[in-house]
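Some notes on the structure that comes next.
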Amino acid sequence: MRYGFWAPVFGGWLRNVRDENMRADWSYMKTLCQRAEQIGYDLTLIAELNLNDIKGVTEPALDAWSTAAAVAAVTDKLELMVAVRPNFHHPALFAKAAANIDRISNGRLSLNVVSSWWADEASQYGLQFDQHDDRYSRTAEWLKVVDGLWTQTPFSYAGERYTLTDAICEPKPLRQPRPVIYAGGESEAAKTLIARQADAYVMHGDEPAVIADKIADLRTRREREGLPPMQYGMAAYAIVRDTVEEAEAEVARITEMDPSAPGFANFEQWLSGTQLERELKIREYSVSNRGLRPGLVGTPAQVKARIAEFHAAGVDLLLLQMSPQLEEMERFAAEVIAA
C-alpha cells in the first residue's frame, strides 16, 4: 500500500470546524510536505479549485500549479499528483508548463484529471462550463493533445475543440513514457474515458465491498481495451486514537453541525438533492470526498485491519485527509505506516 495525503490548499477538510490549525499558506504547505516525505508518505494530491469549497468561497484557496512548482523545488521524494481541469487550461500551454514542473521535480509529477463540476466557479472566472458528457468529451480530446506533445516532436492535431500544427514541446517530461494520469468518476462516460486514457483510477471513499466492485468493473473495461493493468486509489479521512471511545468522540466533534459556518446556508439545499438518510448526509457534508465511509477510525490495530481489507479489494494507494494535518499525519505515520 502507498500512502498519500491531500495538500491542505483550503486550510482544512472539515466544514463544521472553522479553524483546523492548518493555514492555507505556503509556509504551512512547505513544512507539511517536507515532513511528510521524512516520515513515510509517498504522494501528495494538490487539488485545483480557485474558490474555497470547504471553508467558504471568500476564504483563501492556494493555486494548485504554482504551489506544485514550489513543492517540487523543496522536496526530494514525494510524488506530486496535481489536479487539472481541462476547461481551465489550454492543453498545449499546459503541456509545456507541466513538463517544466516535472523537470523541476526530477520526474515526480503526475496528473489528477478532473472534468470540472462547479458551474458557478467557471462563471466567475469567465470560462466555458460544459454539460456532463461534454465535459468528458473535452477531457478525452485534451488528453490526446497533452499526451501527443509529451511524446511526439513535432505534433499536429485537428479536433473539435483544439487544433495544433507542428507544435514543439521541449524539453519533454523526465517521467517516461509520460507522467501518470489519475482520474475519477462514476458515470458511464467517466469510466469509459478512464479505461481508455488514464493510468490509474481514483475513487471517493466507500466500504471495501463497494470499492472491490468498482475495481473489478474498471479491470474488465481495461482488459477490453487491451491495455495494461491500472493503479487504484481511494480517498479517506483517518482518525487514529488509543481507544475506540476517543476515536468516536472525535467523529462526533467534527460532524456536529455549525449553523454559523460559511457553508451551512447551502446545507438544506444539498440535503434535498441527495437520497441519503439524514445522519449519513451530515457525515458526507462534514467531511469531503466521502471520507468517513471507509471507516479508517479507531485504534491503530483497527485501522491497520481496515486498510488490509481495502488492500485485498485491490486498492494500492490511500489518499488521506486528517485534521489538524501535520499532527495527525505524524500520529498515523508512527502508529500505522511504520508498524
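Residue numbers start at 1 in each chain; chains themselves are named A, B, ... in the order of the C-alpha cells; ligands are numbered from 1 in the order shown.
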
Excluding A:Gln38 and its own-chain neighbours fewer than 5 positions away, which residues fall within 12 Å of it when counting only C-alpha atoms? Please give them as a ChimeraX atom specification.
/A:31-33,43,75-78,329-330,333-334,338

Going by DSSP on the backbone, which residues of stretch 143-320 of chain A come out as strand (DSSP E)? List them as a ChimeraX atom specification.
/A:155-158,163-167,181-183,200-203,231-237,239-240,297-298,317-320

Close residues, A:Ala83 itself excluded, 12 Å, only C-alpha atoms, min 4 positions apart in chain, as a count of residues only:
33

So which one's closest to A:Arg224, A:Ala195, A:Leu174, A:Ile337, A:Ala313? Using only C-alpha atoms, please.
A:Ala195

Have a look at atom CA of A:Arg290 and atom CA of A:Asp130 and let me know their distance in Å, one decimal.
24.7 Å

So which one's closest to A:Thr255, A:Phe94, A:Tyr3, A:Phe155, A:Trp13? Using only C-alpha atoms, please.
A:Trp13

Could you tell me which of A:Gly233, A:Pro60, A:Gly291, A:Gly40 comes closest to A:Ala339 if we count only C-alpha atoms?
A:Gly40

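Using only C-alpha atoms, the protein and nucleic acid residues lying no more than 9 Å from A:Ala212, apart from those fewer than 6 places from it along its own chain, are Phe310, Ala312, Ala313, Gly314 and Val315 of chain A.
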
Written selection (N, CA, C and O atoms) as a compact mmCIF listing (two decimals), in the first residue's frame:
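result_37.txt, written as the output of this step:
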```
# COMPACT_ATOMS: atom_id res chain seq x y z
N PHE A 310 -9.05 -3.11 2.41
CA PHE A 310 -9.01 -2.36 1.16
C PHE A 310 -7.90 -2.85 0.24
O PHE A 310 -8.06 -2.89 -0.98
N ALA A 312 -6.92 -5.92 0.07
CA ALA A 312 -7.47 -7.15 -0.52
C ALA A 312 -8.48 -6.85 -1.61
O ALA A 312 -8.63 -7.63 -2.56
N ALA A 313 -9.17 -5.72 -1.51
CA ALA A 313 -10.14 -5.32 -2.53
C ALA A 313 -9.47 -4.81 -3.80
O ALA A 313 -10.15 -4.66 -4.83
N GLY A 314 -8.17 -4.49 -3.72
CA GLY A 314 -7.45 -4.03 -4.90
C GLY A 314 -6.90 -2.63 -4.80
O GLY A 314 -6.26 -2.14 -5.74
N VAL A 315 -7.12 -1.94 -3.68
CA VAL A 315 -6.60 -0.59 -3.52
C VAL A 315 -5.10 -0.64 -3.26
O VAL A 315 -4.63 -1.40 -2.41
```
